[in-house]
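Source file: model_38.txt; contents: compact mmCIF, C-alpha atoms and all ligand atoms.
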```
# COMPACT_ATOMS: atom_id res chain seq x y z
CA MET A 26 129.83 262.63 -21.38
CA ARG A 27 127.86 265.79 -22.03
CA LYS A 28 127.34 268.06 -19.02
CA LYS A 29 124.00 267.74 -17.23
CA ILE A 30 122.85 271.01 -15.69
CA ALA A 31 120.16 272.17 -13.28
CA ALA A 32 120.05 275.95 -13.63
CA ALA A 33 117.97 278.16 -11.35
CA ASN A 34 116.66 281.42 -12.77
CA TRP A 35 115.54 283.57 -9.87
CA LYS A 36 114.41 286.36 -12.22
CA MET A 37 113.47 289.51 -10.25
CA ASN A 38 112.63 287.69 -7.03
CA CYS A 39 113.97 287.51 -3.47
CA THR A 40 115.47 290.06 -1.15
CA LEU A 41 119.09 289.48 -0.19
CA GLN A 42 117.99 287.77 3.01
CA GLN A 43 115.51 285.52 1.20
CA GLY A 44 118.18 284.64 -1.36
CA GLU A 45 120.62 283.70 1.39
CA GLN A 46 118.02 281.49 3.02
CA LEU A 47 117.16 279.85 -0.26
CA LEU A 48 120.80 279.02 -1.00
CA ASP A 49 121.32 277.79 2.55
CA GLY A 50 118.34 275.48 2.16
CA ILE A 51 119.55 274.03 -1.15
CA LEU A 52 123.16 273.65 -0.05
CA GLY A 53 121.93 272.15 3.21
CA ALA A 54 120.54 269.23 1.21
CA ASN A 55 124.20 268.30 0.64
CA ILE A 56 123.72 266.94 -2.84
CA GLU A 57 127.07 265.82 -4.14
CA LEU A 58 127.48 266.35 -7.85
CA LYS A 59 129.33 264.00 -10.15
CA ALA A 60 131.98 265.36 -12.51
CA HIS A 61 129.51 265.78 -15.41
CA GLN A 62 126.78 267.43 -13.27
CA GLN A 63 126.34 271.12 -12.50
CA ALA A 64 123.97 273.25 -10.44
CA ILE A 65 123.91 276.87 -11.55
CA PHE A 66 122.19 279.80 -9.85
CA ALA A 67 121.26 282.76 -12.04
CA VAL A 68 120.71 285.34 -9.33
CA PRO A 69 120.04 289.09 -9.61
CA PHE A 70 123.17 291.23 -10.07
CA PRO A 71 123.30 292.56 -6.48
CA TYR A 72 123.50 289.00 -5.11
CA LEU A 73 126.25 287.57 -7.33
CA THR A 74 129.04 288.05 -4.78
CA MET A 75 126.87 286.80 -1.92
CA ALA A 76 126.03 283.68 -3.93
CA THR A 77 129.67 283.05 -4.83
CA ALA A 78 130.59 283.28 -1.16
CA LYS A 79 127.78 280.91 -0.15
CA LEU A 80 128.71 278.31 -2.75
CA ASN A 81 132.26 278.57 -1.45
CA GLY A 82 133.81 276.58 -4.27
CA ARG A 83 131.59 273.54 -3.73
CA LYS A 84 132.21 271.11 -6.57
CA GLY A 85 129.79 271.50 -9.45
CA TYR A 86 127.96 274.49 -7.98
CA SER A 87 128.26 277.89 -9.64
CA ILE A 88 126.55 281.17 -10.27
CA ALA A 89 125.31 282.93 -13.38
CA ALA A 90 124.25 286.46 -14.22
CA GLN A 91 120.81 286.83 -15.78
CA ASN A 92 121.84 289.40 -18.36
CA VAL A 93 124.70 291.50 -19.72
CA TYR A 94 124.82 294.59 -21.93
CA ASN A 95 125.83 294.39 -25.57
CA LYS A 96 128.45 297.17 -25.34
CA LYS A 97 131.93 296.94 -23.94
CA SER A 98 131.81 299.93 -21.56
CA GLY A 99 130.85 303.59 -21.46
CA ALA A 100 127.91 305.90 -20.91
CA TYR A 101 125.13 303.31 -20.51
CA THR A 102 123.66 304.18 -17.14
CA GLY A 103 122.27 301.20 -15.29
CA GLU A 104 123.81 298.54 -17.51
CA VAL A 105 126.35 295.85 -16.59
CA SER A 106 129.21 294.78 -18.86
CA ALA A 107 130.79 291.39 -19.47
CA GLU A 108 134.07 292.77 -18.17
CA MET A 109 132.40 293.71 -14.87
CA LEU A 110 131.00 290.19 -14.54
CA GLN A 111 134.40 288.73 -15.34
CA SER A 112 136.00 290.93 -12.68
CA ILE A 113 133.82 289.31 -10.00
CA GLN A 114 134.42 285.80 -11.40
CA VAL A 115 131.00 285.09 -12.82
CA PRO A 116 131.36 281.93 -14.93
CA TYR A 117 127.97 281.85 -16.73
CA CYS A 118 125.41 284.34 -18.03
CA LEU A 119 121.91 283.86 -19.42
CA VAL A 120 121.44 285.44 -22.83
CA GLY A 121 118.20 286.04 -24.66
CA HIS A 122 115.70 284.83 -22.11
CA SER A 123 112.25 285.23 -23.66
CA GLU A 124 111.36 287.87 -21.06
CA ARG A 125 114.36 289.94 -22.22
CA ARG A 126 113.38 289.43 -25.84
CA GLU A 127 109.78 290.44 -25.16
CA TYR A 128 110.02 293.26 -22.59
CA PHE A 129 113.36 294.72 -23.64
CA SER A 130 113.13 294.10 -27.38
CA GLU A 131 116.35 292.11 -27.58
CA SER A 132 116.99 291.05 -31.15
CA ASN A 133 118.94 288.03 -32.35
CA GLN A 134 121.68 290.40 -33.55
CA MET A 135 121.94 292.10 -30.15
CA LEU A 136 122.20 288.67 -28.52
CA ALA A 137 125.04 287.74 -30.88
CA GLU A 138 126.91 290.84 -29.63
CA LYS A 139 126.29 289.88 -26.00
CA ILE A 140 127.57 286.38 -26.67
CA ASP A 141 130.76 287.71 -28.26
CA LEU A 142 131.45 290.01 -25.29
CA LEU A 143 130.84 287.22 -22.80
CA LEU A 144 133.12 284.81 -24.63
CA ALA A 145 135.81 287.48 -24.95
CA ASN A 146 135.70 287.71 -21.16
CA GLY A 147 135.79 283.97 -20.56
CA ILE A 148 132.13 283.74 -19.50
CA THR A 149 129.98 280.88 -20.79
CA PRO A 150 126.69 282.04 -22.33
CA ILE A 151 123.54 280.07 -21.61
CA PHE A 152 121.69 280.96 -24.78
CA CYS A 153 117.90 280.83 -24.49
CA CYS A 154 115.64 280.14 -27.43
CA GLY A 155 112.04 279.03 -27.84
CA GLU A 156 108.82 279.79 -29.66
CA PRO A 157 105.60 281.57 -28.63
CA LEU A 158 102.26 279.74 -28.56
CA SER A 159 101.14 281.08 -31.97
CA ILE A 160 104.18 279.54 -33.64
CA ARG A 161 103.67 276.20 -31.87
CA GLU A 162 100.01 276.19 -32.94
CA ALA A 163 101.04 276.91 -36.52
CA GLY A 164 103.50 273.99 -36.29
CA THR A 165 106.48 276.11 -37.38
CA GLN A 166 108.48 275.91 -34.14
CA ASN A 167 111.42 274.13 -35.73
CA SER A 168 112.23 276.80 -38.28
CA PHE A 169 111.54 279.52 -35.67
CA VAL A 170 114.13 278.21 -33.20
CA ALA A 171 116.59 277.28 -35.95
CA LYS A 172 116.56 280.94 -37.02
CA GLN A 173 117.26 282.03 -33.43
CA LEU A 174 120.32 279.77 -33.37
CA GLU A 175 121.48 280.84 -36.81
CA GLU A 176 121.26 284.56 -36.15
CA SER A 177 122.81 284.57 -32.68
CA LEU A 178 125.29 281.66 -32.74
CA PHE A 179 126.30 280.66 -36.23
CA HIS A 180 129.00 283.34 -36.53
CA LEU A 181 130.95 281.40 -33.86
CA SER A 182 133.67 278.90 -34.72
CA ALA A 183 133.07 275.20 -34.03
CA GLU A 184 135.66 275.30 -31.27
CA VAL A 185 133.87 278.14 -29.49
CA VAL A 186 130.30 277.00 -30.01
CA ALA A 187 131.24 273.67 -28.42
CA THR A 188 131.75 275.52 -25.11
CA ILE A 189 128.34 277.17 -24.79
CA VAL A 190 125.07 276.01 -23.24
CA ILE A 191 121.67 276.26 -24.91
CA ALA A 192 118.32 276.41 -23.13
CA TYR A 193 115.20 275.63 -25.13
CA GLU A 194 112.23 277.28 -23.44
CA PRO A 195 108.87 277.28 -25.22
CA ILE A 196 107.29 280.58 -24.16
CA TRP A 197 103.90 278.95 -23.73
CA ALA A 198 105.37 276.76 -20.98
CA ILE A 199 107.17 279.48 -19.00
CA GLY A 200 105.49 280.24 -15.70
CA THR A 201 102.24 278.75 -16.94
CA GLY A 202 102.37 275.37 -15.25
CA LYS A 203 101.97 273.91 -18.74
CA THR A 204 105.08 271.83 -19.34
CA ALA A 205 106.03 270.46 -22.72
CA THR A 206 105.67 266.69 -22.62
CA ALA A 207 108.86 264.68 -22.49
CA ASP A 208 108.15 263.64 -26.10
CA GLN A 209 107.69 267.24 -27.25
CA ALA A 210 110.89 268.28 -25.48
CA GLN A 211 112.91 265.37 -26.87
CA GLU A 212 111.63 265.98 -30.38
CA ILE A 213 112.65 269.63 -30.57
CA HIS A 214 115.91 269.11 -28.64
CA ALA A 215 116.90 266.42 -31.14
CA TYR A 216 115.98 268.82 -33.92
CA LEU A 217 118.09 271.62 -32.40
CA ARG A 218 121.01 269.24 -32.12
CA SER A 219 120.56 268.26 -35.76
CA VAL A 220 120.66 271.95 -36.73
CA LEU A 221 123.91 272.33 -34.78
CA ALA A 222 125.25 269.15 -36.38
CA GLY A 223 124.35 270.46 -39.83
CA LYS A 224 126.44 273.55 -39.27
CA TYR A 225 129.27 272.26 -37.05
CA GLY A 226 129.27 268.47 -37.39
CA GLN A 227 127.87 265.80 -35.10
CA ALA A 228 130.86 265.68 -32.75
CA VAL A 229 130.49 269.37 -31.86
CA ALA A 230 126.69 269.15 -31.60
CA ASP A 231 127.09 266.21 -29.22
CA GLN A 232 129.14 268.33 -26.82
CA ILE A 233 126.59 271.13 -26.36
CA PRO A 234 124.22 270.75 -23.39
CA VAL A 235 120.65 271.66 -24.38
CA LEU A 236 118.53 272.40 -21.29
CA TYR A 237 114.75 272.41 -21.23
CA GLY A 238 112.91 275.28 -19.54
CA GLY A 239 109.23 275.92 -18.89
CA SER A 240 107.44 274.80 -15.71
CA VAL A 241 110.09 272.26 -14.69
CA LYS A 242 109.34 271.07 -11.15
CA GLY A 243 110.44 268.40 -8.74
CA SER A 244 107.68 266.12 -9.97
CA ASN A 245 108.47 266.23 -13.71
CA ALA A 246 112.25 266.81 -13.76
CA LYS A 247 113.25 263.16 -13.79
CA GLU A 248 111.09 262.29 -16.77
CA LEU A 249 112.20 265.32 -18.78
CA PHE A 250 115.89 264.85 -17.93
CA SER A 251 115.77 261.21 -18.93
CA CYS A 252 115.22 262.16 -22.59
CA PRO A 253 118.45 261.52 -24.49
CA ASP A 254 118.72 265.08 -25.86
CA VAL A 255 117.52 266.93 -22.74
CA ASP A 256 120.58 267.74 -20.68
CA GLY A 257 118.87 269.25 -17.64
CA GLY A 258 116.70 272.27 -17.04
CA LEU A 259 116.48 276.03 -16.67
CA VAL A 260 114.04 276.52 -13.84
CA GLY A 261 112.16 279.65 -12.79
CA GLY A 262 109.31 279.29 -10.29
CA ALA A 263 110.39 275.97 -8.78
CA SER A 264 113.94 277.26 -8.20
CA LEU A 265 112.58 279.62 -5.53
CA ASN A 266 111.72 276.72 -3.26
CA ALA A 267 114.72 274.99 -1.69
CA GLU A 268 113.14 271.56 -1.46
CA GLU A 269 111.81 271.66 -5.03
CA PHE A 270 115.10 272.78 -6.51
CA ALA A 271 117.06 270.24 -4.47
CA THR A 272 114.79 267.55 -5.94
CA ILE A 273 115.45 268.93 -9.43
CA ILE A 274 119.23 268.85 -8.87
CA SER A 275 118.90 265.28 -7.62
CA SER A 276 117.00 264.37 -10.80
CA LEU A 277 120.02 265.02 -13.03
CA PRO A 278 121.16 261.82 -14.71
P1 LIG B 1 109.39 278.60 -15.10
O1 LIG B 1 110.45 279.58 -15.82
O2 LIG B 1 110.19 277.42 -14.60
O3 LIG B 1 108.81 279.42 -13.99
O4 LIG B 1 108.41 278.20 -16.13
C1 LIG B 1 111.48 279.09 -16.60
C2 LIG B 1 112.32 280.23 -17.13
O5 LIG B 1 111.74 281.26 -17.51
O6 LIG B 1 113.56 280.15 -17.20
```

Now that the file is in, can you turn its structure into C-alpha cells?
Amino acid sequence: MRKKIAAANWKMNCTLQQGEQLLDGILGANIELKAHQQAIFAVPFPYLTMATAKLNGRKGYSIAAQNVYNKKSGAYTGEVSAEMLQSIQVPYCLVGHSERREYFSESNQMLAEKIDLLLANGITPIFCCGEPLSIREAGTQNSFVAKQLEESLFHLSAEVVATIVIAYEPIWAIGTGKTATADQAQEIHAYLRSVLAGKYGQAVADQIPVLYGGSVKGSNAKELFSCPDVDGGLVGGASLNAEEFATIISSLP
C-alpha cells in the first residue's frame, strides 16, 4: 500500500517554546499510526533537533526541513546544505514550495539540483508543485504542473523516483481558505500520476505518494484524503493548532 502522509509545514512561525508546546499537544493526542501512515513536521531549521528529540522515535512520526541549498558546501553565508541535514538525521526535506519559487526565484533547474543533493545524502525530497490562479483560470494547469515534474524530476531513474514524495499545492488555495474541491484535487492528482506513469510506468507511479496542499483543515481532510489519488496533505495554517493537526493526522486512511 502507498504511504499516506500528514505533513505539517510550520513555515516561518513559532518561537522555540511555542513549537515545543505545539508538538507536545499533538503528541499528547497519542494517535497511533499504522505501518503505511506517517506524520511529518517540517519545522524551521533551528528547531530540527528539538523536534527530533520530542518525537523520540515514535513510530511513523518524523521531521522534515523546509528547504536546502543547491550547492554542496562552501562560501554561501546563511545557507544550509543537504550534508548538514543528513548529519543531524533529517529524513525529509520540502523542495520547491511555491513561496520559495515566488519569493526566492527558485527555478525548476535549481530544484533538480536540490533534489539530487538530498538524495545523495539519503534524504527524501517532498517535491512541491502547483499552478497560480491565472493558469487555473486559463485551464492550462495540467501542462503547467507536468512541466514542473519534467524539469525537476525526470532526470531521476525509476528506482530513485519511486522513493520520493510529491505535494500538489495550487497556489490559489494556499493560505486563502479556498480549498480545491475533492473532485478538483482527485482530477489533477490522477493526471500527475498518469504523467509519472507515462515516464516511469504504472508500477512506479503507483508507489509515489501525492499529497494535496492548500487550506487543508480538520473539517475537510477526511473528504480530500478519501480520494483514491490523494495520499494525504501538506498543511500550513492548520498545522499550527494542535487539535486541528491531530484531527488531520487521524483523517489519514
Ligand atoms: P495552507 O498552506 O495549509 O496554510 O494553505 C499549505 C502550504 O503552503 O504548504

Set the distance at 12 Å and use all atoms listed in the file: which residues neighbour A:Ala33 once local chain neighbours fewer than 2 positions away are removed? I'd like the list as an MDAnalysis selection string.
chainID A and resid 30:31 35:36 38 44 47:48 51 63:69 86:91 117:119 151 192 236:242 257:267 269:271 273:274

Using only C-alpha atoms - which residues lie no farther than 12 Å from the point (134.5, 294.6, -17.1) in the file's frame? Write them as JSON, numbers by chain.
{"A": [93, 94, 96, 97, 98, 99, 104, 105, 106, 107, 108, 109, 110, 111, 112, 113, 114, 115, 142, 143, 145, 146, 147, 148]}

Record the distance separating atom CA of A:Ser244 and atom CA of A:Leu73, expressed in Å with one decimal.
28.5 Å

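The space separating atom CA of A:Ala210 from atom CA of A:Tyr193 comes to 8.5 Å.
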
Exercise: stretch 162-178 of chain A partners within 12 Å, all atoms listed in the file, chain neighbours under 3 positions left out, as a PyMOL selection string:
chain A and resi 120-123+126+131-141+144+150-159+181-183+185-197+209-210+212-225

Give, as JSON, the centre coordinates and the x, y and z edge lengths in Å to one decimal for an axis-aligned box around all listed atoms of stretch 189-193 of chain A, padded by 8 Å on each side.
```
{"center_x": 121.8, "center_y": 276.4, "center_z": -24.1, "size_x": 29.1, "size_y": 17.5, "size_z": 18.0}
```

Counting all atoms listed in the file, figure out which residue out of A:Glu248, A:Glu124, A:Glu45, A:Glu184 gets nearest to ligand LIG 1 (chain B).
A:Glu124
